[in-house]
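Undergrad: One file is attached below, final-v9.txt, containing compact mmCIF, C-alpha atoms.
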```
# COMPACT_ATOMS: atom_id res chain seq x y z
CA MET A 3 12.84 -61.64 4.99
CA VAL A 4 11.52 -58.11 5.53
CA VAL A 5 12.43 -55.51 2.91
CA LYS A 6 12.79 -52.12 4.55
CA ARG A 7 10.88 -49.57 2.54
CA GLU A 8 12.59 -46.32 1.51
CA GLY A 9 10.89 -42.89 1.61
CA PRO A 10 7.31 -42.13 2.57
CA THR A 11 4.71 -44.86 2.83
CA HIS A 12 1.72 -45.06 0.51
CA ARG A 13 -0.38 -43.49 3.25
CA GLN A 14 2.07 -40.60 3.73
CA ARG A 15 2.20 -39.97 -0.01
CA GLN A 16 -1.58 -39.87 -0.07
CA ALA A 17 -1.68 -37.39 2.80
CA LEU A 18 0.84 -35.13 1.01
CA ALA A 19 -1.17 -35.27 -2.22
CA THR A 20 -4.32 -34.37 -0.30
CA LYS A 21 -2.66 -31.33 1.31
CA GLU A 22 -1.33 -30.22 -2.06
CA GLN A 23 -4.79 -30.49 -3.58
CA ILE A 24 -6.32 -28.46 -0.74
CA ALA A 25 -3.59 -25.82 -1.00
CA ALA A 26 -4.06 -25.48 -4.77
CA ALA A 27 -7.84 -25.09 -4.47
CA GLY A 28 -7.40 -22.69 -1.52
CA ARG A 29 -4.94 -20.47 -3.37
CA LYS A 30 -7.31 -20.15 -6.31
CA LEU A 31 -10.35 -19.36 -4.17
CA PHE A 32 -8.50 -16.94 -1.86
CA ALA A 33 -7.29 -15.02 -4.93
CA GLU A 34 -10.77 -14.93 -6.44
CA ARG A 35 -12.92 -14.23 -3.38
CA GLY A 36 -10.54 -13.03 -0.68
CA TYR A 37 -9.52 -14.72 2.56
CA VAL A 38 -12.48 -13.82 4.76
CA ALA A 39 -15.09 -14.68 2.11
CA THR A 40 -13.58 -18.12 1.38
CA THR A 41 -15.06 -20.86 3.56
CA ILE A 42 -13.57 -24.28 4.30
CA THR A 43 -16.75 -25.67 2.70
CA ALA A 44 -15.97 -23.82 -0.54
CA ILE A 45 -12.40 -25.15 -0.51
CA SER A 46 -13.79 -28.64 0.16
CA GLU A 47 -16.05 -28.39 -2.89
CA ALA A 48 -13.34 -26.94 -5.14
CA ALA A 49 -10.75 -29.53 -4.05
CA ASP A 50 -13.30 -32.37 -4.00
CA ILE A 51 -12.07 -33.35 -0.53
CA PRO A 52 -14.43 -33.77 2.45
CA VAL A 53 -14.54 -30.97 5.05
CA PRO A 54 -13.43 -33.25 7.94
CA THR A 55 -10.35 -34.30 5.93
CA ILE A 56 -9.43 -30.62 5.48
CA TYR A 57 -9.81 -29.98 9.19
CA SER A 58 -7.71 -32.99 10.11
CA ALA A 59 -5.02 -32.05 7.55
CA PHE A 60 -4.79 -28.36 8.47
CA GLY A 61 -6.85 -27.52 11.55
CA ASN A 62 -8.01 -24.11 10.30
CA LYS A 63 -8.04 -21.64 7.43
CA ALA A 64 -4.91 -19.82 8.64
CA ALA A 65 -2.94 -23.08 8.40
CA ILE A 66 -4.05 -23.46 4.78
CA LEU A 67 -2.82 -19.95 3.91
CA LYS A 68 0.46 -20.58 5.72
CA ASP A 69 0.92 -23.77 3.72
CA ILE A 70 0.10 -21.95 0.47
CA THR A 71 2.70 -19.31 1.37
CA GLN A 72 5.38 -21.93 2.07
CA ARG A 73 4.64 -23.71 -1.19
CA ALA A 74 4.85 -20.42 -3.13
CA VAL A 75 8.07 -19.30 -1.45
CA ALA A 76 9.95 -22.63 -1.54
CA PRO A 77 10.88 -22.71 -5.28
CA LEU A 78 12.21 -19.11 -5.05
CA ASP A 79 15.04 -20.28 -2.75
CA VAL A 80 15.05 -16.86 -1.09
CA LYS A 81 17.66 -17.82 1.49
CA GLY A 82 20.18 -19.25 -0.97
CA ARG A 83 19.72 -16.43 -3.43
CA TYR A 84 20.08 -13.82 -0.70
CA GLU A 85 23.37 -15.40 0.27
CA GLN A 86 24.51 -14.78 -3.32
CA VAL A 87 23.31 -11.17 -3.11
CA VAL A 88 25.25 -10.59 0.08
CA ALA A 89 28.32 -12.38 -1.31
CA ASP A 90 28.37 -10.29 -4.51
CA PRO A 91 31.62 -8.27 -4.42
CA ASP A 92 30.07 -5.54 -6.59
CA PRO A 93 27.46 -3.53 -4.61
CA VAL A 94 25.70 -2.37 -7.79
CA SER A 95 25.34 -5.89 -9.12
CA GLY A 96 24.22 -7.10 -5.66
CA LEU A 97 21.35 -4.59 -5.68
CA ARG A 98 20.43 -5.60 -9.25
CA ARG A 99 20.22 -9.22 -8.07
CA ALA A 100 18.06 -8.10 -5.14
CA ALA A 101 15.73 -6.24 -7.52
CA GLN A 102 15.48 -9.35 -9.69
CA MET A 103 14.59 -11.52 -6.69
CA GLN A 104 11.94 -9.05 -5.64
CA ARG A 105 10.44 -8.98 -9.11
CA GLU A 106 10.30 -12.77 -9.20
CA GLN A 107 8.58 -12.89 -5.82
CA PHE A 108 5.88 -10.50 -7.00
CA GLU A 109 5.56 -12.20 -10.36
CA THR A 110 5.06 -15.66 -8.94
CA MET A 111 3.11 -14.97 -5.73
CA TYR A 112 1.57 -11.50 -5.78
CA ASP A 113 -1.86 -13.15 -5.34
CA VAL A 114 -0.69 -14.85 -2.13
CA MET A 115 0.73 -11.55 -0.80
CA THR A 116 -2.54 -9.73 -1.48
CA VAL A 117 -4.53 -12.41 0.34
CA THR A 118 -2.07 -12.30 3.24
CA MET A 119 -2.37 -8.51 3.52
CA GLU A 120 -6.15 -8.90 3.64
CA ALA A 121 -6.00 -11.75 6.16
CA VAL A 122 -3.70 -9.95 8.64
CA ARG A 123 -6.52 -7.51 9.42
CA THR A 124 -8.74 -10.22 10.86
CA ASP A 125 -6.55 -13.24 11.58
CA PRO A 126 -3.97 -13.05 14.39
CA GLU A 127 -2.20 -16.23 13.20
CA ILE A 128 -1.61 -14.72 9.78
CA ALA A 129 -0.57 -11.42 11.36
CA GLU A 130 2.02 -13.35 13.36
CA MET A 131 3.25 -15.18 10.24
CA LEU A 132 3.60 -11.87 8.40
CA ARG A 133 5.48 -10.29 11.31
CA GLY A 134 7.91 -13.22 11.12
CA ILE A 135 8.36 -12.82 7.36
CA MET A 136 8.85 -9.05 7.63
CA ALA A 137 11.38 -9.43 10.45
CA SER A 138 13.43 -12.00 8.55
CA ARG A 139 13.28 -9.88 5.39
CA GLU A 140 14.52 -6.87 7.33
CA ARG A 141 17.39 -8.91 8.76
CA ALA A 142 18.35 -9.96 5.23
CA TYR A 143 18.30 -6.35 3.95
CA ARG A 144 20.34 -5.21 6.94
CA ALA A 145 22.90 -7.98 6.44
CA HIS A 146 23.16 -6.99 2.79
CA LEU A 147 23.61 -3.28 3.57
CA GLU A 148 26.17 -4.03 6.27
CA THR A 149 28.35 -5.80 3.73
CA VAL A 150 28.20 -2.79 1.38
CA ALA A 151 28.34 -0.19 4.18
CA ALA A 152 31.59 1.26 2.79
CA HIS A 153 29.84 1.95 -0.53
CA LEU A 154 26.72 3.67 0.83
CA ALA A 155 25.93 7.20 -0.33
CA PRO A 156 27.40 10.01 1.78
CA ALA A 157 25.20 10.60 4.85
CA MET A 158 23.38 7.29 4.23
CA THR A 159 23.50 5.01 7.26
CA VAL A 160 22.67 1.30 7.32
CA ASP A 161 19.55 2.14 9.37
CA GLU A 162 18.29 4.70 6.90
CA GLY A 163 19.22 2.34 4.08
CA VAL A 164 17.00 -0.35 5.61
CA ASP A 165 14.13 2.19 5.84
CA VAL A 166 14.50 3.02 2.16
CA TYR A 167 14.96 -0.63 1.18
CA VAL A 168 11.80 -1.94 2.91
CA THR A 169 9.86 0.98 1.40
CA LEU A 170 11.05 0.57 -2.19
CA VAL A 171 10.10 -3.12 -2.22
CA LEU A 172 6.53 -2.45 -1.00
CA PRO A 173 3.97 -4.57 -2.85
CA GLU A 174 1.88 -1.41 -3.35
CA ILE A 175 4.65 0.02 -5.56
CA TYR A 176 4.64 -3.15 -7.68
CA HIS A 177 0.84 -2.95 -7.76
CA SER A 178 0.87 0.68 -8.86
CA LEU A 179 3.49 0.32 -11.60
CA VAL A 180 2.76 -3.18 -12.95
CA VAL A 181 -0.90 -3.89 -12.14
CA GLU A 182 -2.36 -0.38 -12.37
CA ARG A 183 -0.06 1.41 -14.84
CA GLY A 184 0.74 -1.61 -17.00
CA TRP A 185 4.53 -1.66 -16.71
CA SER A 186 6.19 -4.97 -17.59
CA PRO A 187 7.83 -6.84 -14.70
CA ASP A 188 11.14 -6.20 -16.53
CA ARG A 189 10.62 -2.45 -16.42
CA TYR A 190 9.64 -2.66 -12.75
CA GLU A 191 12.82 -4.61 -12.01
CA THR A 192 14.94 -1.96 -13.74
CA TRP A 193 13.11 0.85 -11.89
CA LEU A 194 13.60 -0.89 -8.56
CA GLY A 195 17.27 -1.65 -9.25
CA ASP A 196 17.92 1.93 -10.40
CA ASN A 197 16.28 3.32 -7.28
CA LEU A 198 18.00 0.98 -4.84
CA ILE A 199 21.35 1.83 -6.43
CA ARG A 200 20.73 5.58 -6.65
CA GLN A 201 19.26 6.01 -3.20
CA LEU A 202 21.50 3.61 -1.29
CA LEU A 203 24.81 3.97 -3.12
CA GLY A 204 24.28 7.45 -4.52
CA THR A 205 25.40 6.30 -7.97
CA ARG A 206 23.36 5.68 -11.11
CA MET T 29 -40.72 47.54 7.44
CA VAL T 30 -39.18 44.15 6.76
CA VAL T 31 -35.44 43.82 7.36
CA LYS T 32 -33.96 41.33 4.91
CA ARG T 33 -31.74 38.93 6.77
CA GLU T 34 -28.22 38.25 5.52
CA GLY T 35 -26.62 34.79 5.45
CA PRO T 36 -28.08 31.53 6.72
CA THR T 37 -31.12 31.41 8.98
CA HIS T 38 -30.95 30.18 12.55
CA ARG T 39 -32.34 26.85 11.39
CA GLN T 40 -29.73 26.54 8.63
CA ARG T 41 -26.96 27.38 11.09
CA GLN T 42 -28.26 24.71 13.43
CA ALA T 43 -28.34 22.16 10.63
CA LEU T 44 -24.73 23.01 9.67
CA ALA T 45 -23.59 22.70 13.29
CA THR T 46 -25.33 19.32 13.57
CA LYS T 47 -23.59 18.02 10.43
CA GLU T 48 -20.25 19.28 11.71
CA GLN T 49 -20.80 17.50 15.03
CA ILE T 50 -21.70 14.25 13.28
CA ALA T 51 -18.69 14.52 10.96
CA ALA T 52 -16.30 15.14 13.87
CA ALA T 53 -17.63 12.17 15.85
CA GLY T 54 -17.62 10.01 12.69
CA ARG T 55 -14.01 10.87 11.84
CA LYS T 56 -12.87 9.93 15.34
CA LEU T 57 -14.77 6.63 15.40
CA PHE T 58 -13.81 5.64 11.84
CA ALA T 59 -10.14 6.19 12.72
CA GLU T 60 -10.43 4.18 15.92
CA ARG T 61 -12.63 1.29 14.81
CA GLY T 62 -12.58 1.32 11.02
CA TYR T 63 -15.35 2.11 8.57
CA VAL T 64 -17.18 -1.22 8.52
CA ALA T 65 -17.12 -1.65 12.30
CA THR T 66 -18.51 1.85 12.98
CA THR T 67 -22.31 1.92 13.14
CA ILE T 68 -24.58 4.93 12.76
CA THR T 69 -25.75 4.12 16.30
CA ALA T 70 -22.19 4.47 17.60
CA ILE T 71 -21.80 7.81 15.80
CA SER T 72 -25.15 8.89 17.26
CA GLU T 73 -23.95 8.11 20.79
CA ALA T 74 -20.56 9.76 20.30
CA ALA T 75 -22.05 12.90 18.72
CA ASP T 76 -25.00 12.94 21.13
CA ILE T 77 -27.35 13.34 18.17
CA PRO T 78 -30.37 11.05 17.60
CA VAL T 79 -30.05 8.35 14.91
CA PRO T 80 -33.02 9.70 12.83
CA THR T 81 -31.35 13.14 12.73
CA ILE T 82 -28.18 11.54 11.35
CA TYR T 83 -30.16 9.71 8.68
CA SER T 84 -32.04 12.85 7.67
CA ALA T 85 -28.81 14.90 7.59
CA PHE T 86 -26.71 12.38 5.63
CA GLY T 87 -28.80 9.45 4.39
CA ASN T 88 -26.08 6.83 4.96
CA LYS T 89 -22.61 6.11 6.29
CA ALA T 90 -20.93 6.73 2.92
CA ALA T 91 -22.30 10.28 2.89
CA ILE T 92 -20.77 10.88 6.32
CA LEU T 93 -17.34 9.73 5.10
CA LYS T 94 -17.67 11.86 1.96
CA ASP T 95 -18.49 14.87 4.13
CA ILE T 96 -15.52 14.12 6.42
CA THR T 97 -13.26 13.95 3.35
CA GLN T 98 -14.53 17.28 2.01
CA ARG T 99 -14.04 18.94 5.39
CA ALA T 100 -10.48 17.57 5.65
CA VAL T 101 -9.53 18.55 2.10
CA ALA T 102 -11.10 22.05 2.05
CA PRO T 103 -8.51 23.90 4.22
CA LEU T 104 -5.67 22.44 2.13
CA ASP T 105 -6.82 24.45 -0.93
CA VAL T 106 -5.46 21.73 -3.20
CA LYS T 107 -6.75 23.36 -6.38
CA GLY T 108 -5.31 26.82 -5.69
CA ARG T 109 -1.99 25.43 -4.49
CA TYR T 110 -1.70 23.15 -7.50
CA GLU T 111 -2.17 26.15 -9.75
CA GLN T 112 0.88 27.66 -8.03
CA VAL T 113 2.81 24.43 -8.56
CA VAL T 114 1.99 24.41 -12.27
CA ALA T 115 2.74 28.13 -12.58
CA ASP T 116 6.16 27.82 -10.95
CA PRO T 117 8.73 28.73 -13.63
CA ASP T 118 11.40 26.56 -11.95
CA PRO T 119 10.60 22.84 -12.41
CA VAL T 120 12.70 21.84 -9.39
CA SER T 121 10.94 24.29 -7.09
CA GLY T 122 7.57 23.21 -8.55
CA LEU T 123 8.25 19.60 -7.56
CA ARG T 124 9.40 20.72 -4.09
CA ARG T 125 6.07 22.54 -3.69
CA ALA T 126 4.24 19.41 -4.84
CA ALA T 127 6.13 17.32 -2.25
CA GLN T 128 5.21 19.84 0.44
CA MET T 129 1.51 19.70 -0.50
CA GLN T 130 1.61 15.93 -0.42
CA ARG T 131 3.23 15.91 3.00
CA GLU T 132 0.58 18.31 4.34
CA GLN T 133 -2.20 16.14 2.98
CA PHE T 134 -0.81 13.08 4.74
CA GLU T 135 -0.05 15.00 7.90
CA THR T 136 -3.54 16.45 8.24
CA MET T 137 -5.74 13.65 6.90
CA TYR T 138 -3.87 10.34 6.82
CA ASP T 139 -6.57 8.88 9.10
CA VAL T 140 -9.29 9.79 6.58
CA MET T 141 -7.28 8.24 3.72
CA THR T 142 -6.80 5.00 5.66
CA VAL T 143 -10.52 4.77 6.39
CA THR T 144 -11.32 5.52 2.75
CA MET T 145 -8.97 2.78 1.55
CA GLU T 146 -10.71 0.35 3.91
CA ALA T 147 -14.18 1.52 2.86
CA VAL T 148 -13.60 1.18 -0.91
CA ARG T 149 -13.43 -2.59 -0.47
CA THR T 150 -17.03 -2.85 0.67
CA ASP T 151 -18.77 0.41 -0.24
CA PRO T 152 -19.41 1.19 -3.92
CA GLU T 153 -20.23 4.87 -3.17
CA ILE T 154 -16.85 5.37 -1.52
CA ALA T 155 -15.15 3.45 -4.34
CA GLU T 156 -16.75 5.90 -6.76
CA MET T 157 -15.65 8.90 -4.69
CA LEU T 158 -12.09 7.58 -4.60
CA ARG T 159 -12.08 6.96 -8.36
CA GLY T 160 -13.09 10.61 -8.81
CA ILE T 161 -10.34 11.84 -6.47
CA MET T 162 -7.70 9.65 -8.15
CA ALA T 163 -8.74 10.78 -11.63
CA SER T 164 -8.62 14.47 -10.70
CA ARG T 165 -5.25 13.97 -8.99
CA GLU T 166 -3.88 12.28 -12.09
CA ARG T 167 -5.12 15.15 -14.26
CA ALA T 168 -3.31 17.61 -11.96
CA TYR T 169 -0.03 15.62 -12.11
CA ARG T 170 -0.32 15.37 -15.88
CA ALA T 171 -0.99 19.10 -16.24
CA HIS T 172 2.04 19.77 -14.07
CA LEU T 173 4.31 17.44 -16.07
CA GLU T 174 3.08 18.86 -19.36
CA THR T 175 4.24 22.33 -18.31
CA VAL T 176 7.71 20.99 -17.44
CA ALA T 177 7.86 18.55 -20.38
CA ALA T 178 10.93 20.26 -21.81
CA HIS T 179 12.80 19.66 -18.55
CA LEU T 180 11.99 15.96 -18.15
CA ALA T 181 14.86 13.48 -17.94
CA PRO T 182 16.07 12.04 -21.25
CA ALA T 183 13.77 9.17 -22.30
CA MET T 184 11.16 10.24 -19.69
CA THR T 185 7.77 10.86 -21.27
CA VAL T 186 4.84 12.67 -19.64
CA ASP T 187 2.99 9.31 -19.47
CA GLU T 188 5.84 7.55 -17.71
CA GLY T 189 6.27 10.60 -15.49
CA VAL T 190 2.63 10.31 -14.39
CA ASP T 191 3.19 6.60 -13.60
CA VAL T 192 6.17 7.46 -11.41
CA TYR T 193 4.41 10.47 -9.83
CA VAL T 194 1.25 8.56 -8.74
CA THR T 195 3.49 5.80 -7.38
CA LEU T 196 5.87 8.00 -5.37
CA VAL T 197 2.96 9.75 -3.62
CA LEU T 198 1.34 6.45 -2.52
CA PRO T 199 0.04 6.62 1.05
CA GLU T 200 1.77 3.28 1.71
CA ILE T 201 5.16 4.95 1.17
CA TYR T 202 4.25 7.67 3.70
CA HIS T 203 3.02 4.92 6.02
CA SER T 204 6.23 2.92 5.68
CA LEU T 205 8.64 5.84 6.18
CA VAL T 206 6.76 8.01 8.70
CA VAL T 207 4.40 5.69 10.58
CA GLU T 208 6.46 2.47 10.55
CA ARG T 209 10.06 3.68 10.39
CA GLY T 210 9.59 6.86 12.40
CA TRP T 211 10.79 9.44 9.86
CA SER T 212 9.65 13.01 10.52
CA PRO T 213 7.18 14.46 7.98
CA ASP T 214 9.98 16.90 7.08
CA ARG T 215 12.33 14.09 6.17
CA TYR T 216 9.57 12.40 4.16
CA GLU T 217 8.95 15.64 2.28
CA THR T 218 12.64 15.93 1.41
CA TRP T 219 12.79 12.28 0.32
CA LEU T 220 9.70 12.69 -1.87
CA GLY T 221 10.96 15.96 -3.38
CA ASP T 222 14.41 14.45 -4.05
CA ASN T 223 12.85 11.45 -5.75
CA LEU T 224 10.36 13.39 -7.85
CA ILE T 225 13.18 15.68 -9.02
CA ARG T 226 15.69 12.88 -9.63
CA GLN T 227 13.32 10.51 -11.36
CA LEU T 228 11.30 13.02 -13.38
CA LEU T 229 13.91 15.66 -14.21
CA GLY T 230 17.01 13.48 -13.94
CA THR T 231 18.75 16.08 -11.76
CA ARG T 232 19.44 16.05 -8.04
```
Will you turn the file into structure tokens for me?
TA:
Amino acid sequence: MVVKREGPTHRQRQALATKEQIAAAGRKLFAERGYVATTITAISEAADIPVPTIYSAFGNKAAILKDITQRAVAPLDVKGRYEQVVADPDPVSGLRRAAQMQREQFETMYDVMTVTMEAVRTDPEIAEMLRGIMASRERAYRAHLETVAAHLAPAMTVDEGVDVYVTLVLPEIYHSLVVERGWSPDRYETWLGDNLIRQLLGTR
Amino acid sequence: MVVKREGPTHRQRQALATKEQIAAAGRKLFAERGYVATTITAISEAADIPVPTIYSAFGNKAAILKDITQRAVAPLDVKGRYEQVVADPDPVSGLRRAAQMQREQFETMYDVMTVTMEAVRTDPEIAEMLRGIMASRERAYRAHLETVAAHLAPAMTVDEGVDVYVTLVLPEIYHSLVVERGWSPDRYETWLGDNLIRQLLGTR
């Protein structure tokens, strides 16, 4: 009698563990040295995994950074949480939720964002990934603003609201306030929420 | 009888004209290709000035960028205009003037700022120049906020005001609103003025 095995095989589990190990070593090195300066050889040494195994698991450095990004984003459940933001009947509380999500993204993966912003300058694959992320983010902001369109400040359109929204959530603002000026992530979240509410809804 | 000559000699005038020609060609190439990718040889070809002349006039690429920055900043009379900002008896109108100055800086030399931000990553001399510029800018903002301290929003300190000020004038915000989202510099200036006034003074 043949017992049908459930879930991934031993070999598949091994392959997943290997990718995870490469991604973890890559994230650390990218953050320390930057994307361009990090070689596959350096990742191989840090992960204690042979270079050919890395190439067969990922193909190239861009694929490693894409994988790191997916791993960092996954636990944040951006899609599910954004559905809650859009479904919030109170526009003020919806924007507070959005500010909280943004703060959590920066808090948990600011290193990955910095590396990505460096990598886009030289790597077309990463530039394409970032374009995709930015486009889907903009769609989410627009969907959110469309649901609260009736509550927008006088003379504020959904289009202008999207302009303001994408600008207020810039990583450089988080960098300036939290990394450079030493604000706590909590204070940043409040600042961002206040500004989204004030500028988009015209209320405090 | 010996007639004493006034002003620079012919040779000095020539040297000044040569530096100006190098700076103009350098600014154009830096903007087009970036700082790292622009060689002295390329500047030599574009300016039609021999490489050794460029080295004897400037010494290195960092000195060219510093000279470009000084030339771009000089006509803006930042120091004199900031004295007017600080001397303005009306805090709202002072912040509007500050927003206008900021807009003019971006409008006339955003290319130079972009190149500088690229160059700081690899060139310690440019990093030092930028540290100097940022420190003097912060002193100016602080001096301004100290004169309007009595008008600051409740719970807003001069320190926190400086944090907000340096953040709101980030070039990335100008880039997002004007370059990416297509706002006019006028609209950016209004947005910046509104936000400085609202966040620092608590009024609209």
Undergrad: What is the CA of Gly54 (chain T) to CA of Thr144 (chain T) distance in Å?
TA: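 Distance between the two atoms: 12.6 Å.
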Undergrad: Based on only C-alpha atoms, which of the residues in chain T come within 8 Å of chain A? I want them as a short mmCIF file (atom, residue, chain, number, x, y, z; two decimals) with C-alpha atoms, in the frame of the given file.
TA:
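This is the output file selection.cif:
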```cif
data_model
loop_
_atom_site.label_atom_id
_atom_site.label_comp_id
_atom_site.auth_asym_id
_atom_site.auth_seq_id
_atom_site.Cartn_x
_atom_site.Cartn_y
_atom_site.Cartn_z
CA ASP T 191 3.19 6.60 -13.60
CA VAL T 192 6.17 7.46 -11.41
CA VAL T 194 1.25 8.56 -8.74
CA THR T 195 3.49 5.80 -7.38
CA LEU T 198 1.34 6.45 -2.52
CA GLU T 200 1.77 3.28 1.71
CA ILE T 201 5.16 4.95 1.17
CA SER T 204 6.23 2.92 5.68
CA LEU T 205 8.64 5.84 6.18
CA ARG T 209 10.06 3.68 10.39
#
```
Undergrad: For CA of Arg83 (chain A) and CA of Met103 (chain A), determine how far apart the two atoms are, in Å to one decimal place.
TA: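 For CA of Arg83 (chain A) relative to CA of Met103 (chain A), the distance reads 7.8 Å.
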Undergrad: Compute the distance from (27.5, 7.8, -5.9) to each atom, counting all atoms listed in the file, keep the residues with any atom at most 10 Å away, and return them as a list in words; use the coordinates of the file.
TA: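 Residues satisfying the cut-off, written out: His153, Leu154, Ala155, Pro156, Ile199, Arg200, Gln201, Leu202, Leu203, Gly204, Thr205 and Arg206 of chain A.
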Undergrad: As an exercise, work out the distance from CA of Ser72 (chain T) to CA of Arg149 (chain T) in Å and give it to one decimal place.
TA: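 Spanning CA of Ser72 (chain T) to CA of Arg149 (chain T) is a straight-line distance of 24.2 Å.
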Undergrad: Please list as a ChimeraX atom specification every residue within 6 Å of His172 (chain T), counting all atoms listed in the file and excluding residues in the same chain fewer than 3 positions away.
TA: /T:114,169,175
Undergrad: Hey, which of A:Glu109, A:Val94, A:Ile128, A:Met119 ends up closest to Leu147 (chain A)? Count all atoms listed in the file.
TA: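 Looking only at the distances to Leu147 (chain A), the closest residue turns out to be A:Val94.
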Undergrad: What lies within 12 Å of Gln102 (chain A) using all atoms listed in the file, ignoring chain neighbours under 4 positions off, as a list in words?
TA: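 These residues fall inside the cut-off: Leu78, Val80, Arg83, Tyr84, Val87, Ser95, Gly96, Leu97, Arg98, Glu106, Gln107, Phe108, Glu109, Val171, Pro187, Asp188, Arg189, Tyr190, Glu191, Thr192, Trp193, Leu194, Gly195, Asp196 and Leu198 of chain A.
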Undergrad: Choose the residue, out of T:Tyr193, T:Tyr63, T:Met141, T:Pro119, that has the smallest atom-to-atom separation from Ala177 (chain T); count all atoms listed in the file.
TA: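 The shortest atom-to-atom distance to Ala177 (chain T) comes from T:Pro119.
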Undergrad: Any idea what's packed within 12 Å of Ala39 (chain A), counting only C-alpha atoms, ignoring anything in its chain fewer than 2 positions away? Could you give it as number ranges by chain?
TA: A: 28, 31-37, 41-45, 63, 117, 120-121, 124
Undergrad: Of the candidates T:Val207, T:Leu44, T:Val148, T:Met137, which shows the shortest atom-to-atom distance to Ala100 (chain T), using all atoms listed in the file?
TA: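 Closest residue, counting all atoms listed in the file: T:Met137.
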Undergrad: Write out as a PyMOL selection string which residues come within 9 Å of Glu127 (chain A) when counting all atoms listed in the file, dropping same-chain ones fewer than 4 positions away.
TA: chain A and resi 64-65+122+131-132
Undergrad: What would region 85-100 of chain A look like with N, CA and C atoms in place, written as an mmCIF file, in the coordinates of the input?
TA:
```cif
data_model
loop_
_atom_site.group_PDB
_atom_site.id
_atom_site.type_symbol
_atom_site.label_atom_id
_atom_site.label_comp_id
_atom_site.auth_asym_id
_atom_site.auth_seq_id
_atom_site.Cartn_x
_atom_site.Cartn_y
_atom_site.Cartn_z
ATOM 1 N N GLU A 85 21.947 -15.193 -0.047
ATOM 2 C CA GLU A 85 23.370 -15.400 0.270
ATOM 3 C C GLU A 85 24.242 -14.957 -0.913
ATOM 4 N N GLN A 86 23.772 -15.231 -2.126
ATOM 5 C CA GLN A 86 24.510 -14.780 -3.320
ATOM 6 C C GLN A 86 24.532 -13.252 -3.414
ATOM 7 N N VAL A 87 23.379 -12.641 -3.090
ATOM 8 C CA VAL A 87 23.310 -11.170 -3.110
ATOM 9 C C VAL A 87 24.336 -10.590 -2.162
ATOM 10 N N VAL A 88 24.348 -11.123 -0.933
ATOM 11 C CA VAL A 88 25.250 -10.590 0.080
ATOM 12 C C VAL A 88 26.712 -10.870 -0.289
ATOM 13 N N ALA A 89 26.950 -12.006 -0.957
ATOM 14 C CA ALA A 89 28.320 -12.380 -1.310
ATOM 15 C C ALA A 89 28.837 -11.647 -2.550
ATOM 16 N N ASP A 90 27.944 -10.955 -3.267
ATOM 17 C CA ASP A 90 28.370 -10.290 -4.510
ATOM 18 C C ASP A 90 29.380 -9.201 -4.185
ATOM 19 N N PRO A 91 30.599 -9.274 -4.769
ATOM 20 C CA PRO A 91 31.620 -8.270 -4.420
ATOM 21 C C PRO A 91 31.282 -6.885 -4.981
ATOM 22 N N ASP A 92 30.420 -6.824 -5.994
ATOM 23 C CA ASP A 92 30.070 -5.540 -6.590
ATOM 24 C C ASP A 92 28.723 -5.067 -6.019
ATOM 25 N N PRO A 93 28.719 -3.957 -5.260
ATOM 26 C CA PRO A 93 27.460 -3.530 -4.610
ATOM 27 C C PRO A 93 26.348 -3.227 -5.612
ATOM 28 N N VAL A 94 26.714 -2.682 -6.781
ATOM 29 C CA VAL A 94 25.700 -2.370 -7.790
ATOM 30 C C VAL A 94 25.059 -3.667 -8.289
ATOM 31 N N SER A 95 25.888 -4.646 -8.599
ATOM 32 C CA SER A 95 25.340 -5.890 -9.120
ATOM 33 C C SER A 95 24.558 -6.644 -8.032
ATOM 34 N N GLY A 96 24.975 -6.497 -6.766
ATOM 35 C CA GLY A 96 24.220 -7.100 -5.660
ATOM 36 C C GLY A 96 22.800 -6.539 -5.586
ATOM 37 N N LEU A 97 22.684 -5.211 -5.756
ATOM 38 C CA LEU A 97 21.350 -4.590 -5.680
ATOM 39 C C LEU A 97 20.508 -4.961 -6.906
ATOM 40 N N ARG A 98 21.170 -5.136 -8.061
ATOM 41 C CA ARG A 98 20.430 -5.600 -9.250
ATOM 42 C C ARG A 98 19.867 -7.005 -9.015
ATOM 43 N N ARG A 99 20.702 -7.867 -8.395
ATOM 44 C CA ARG A 99 20.220 -9.220 -8.070
ATOM 45 C C ARG A 99 19.043 -9.147 -7.111
ATOM 46 N N ALA A 100 19.140 -8.246 -6.120
ATOM 47 C CA ALA A 100 18.060 -8.100 -5.140
ATOM 48 C C ALA A 100 16.771 -7.659 -5.827
#
```
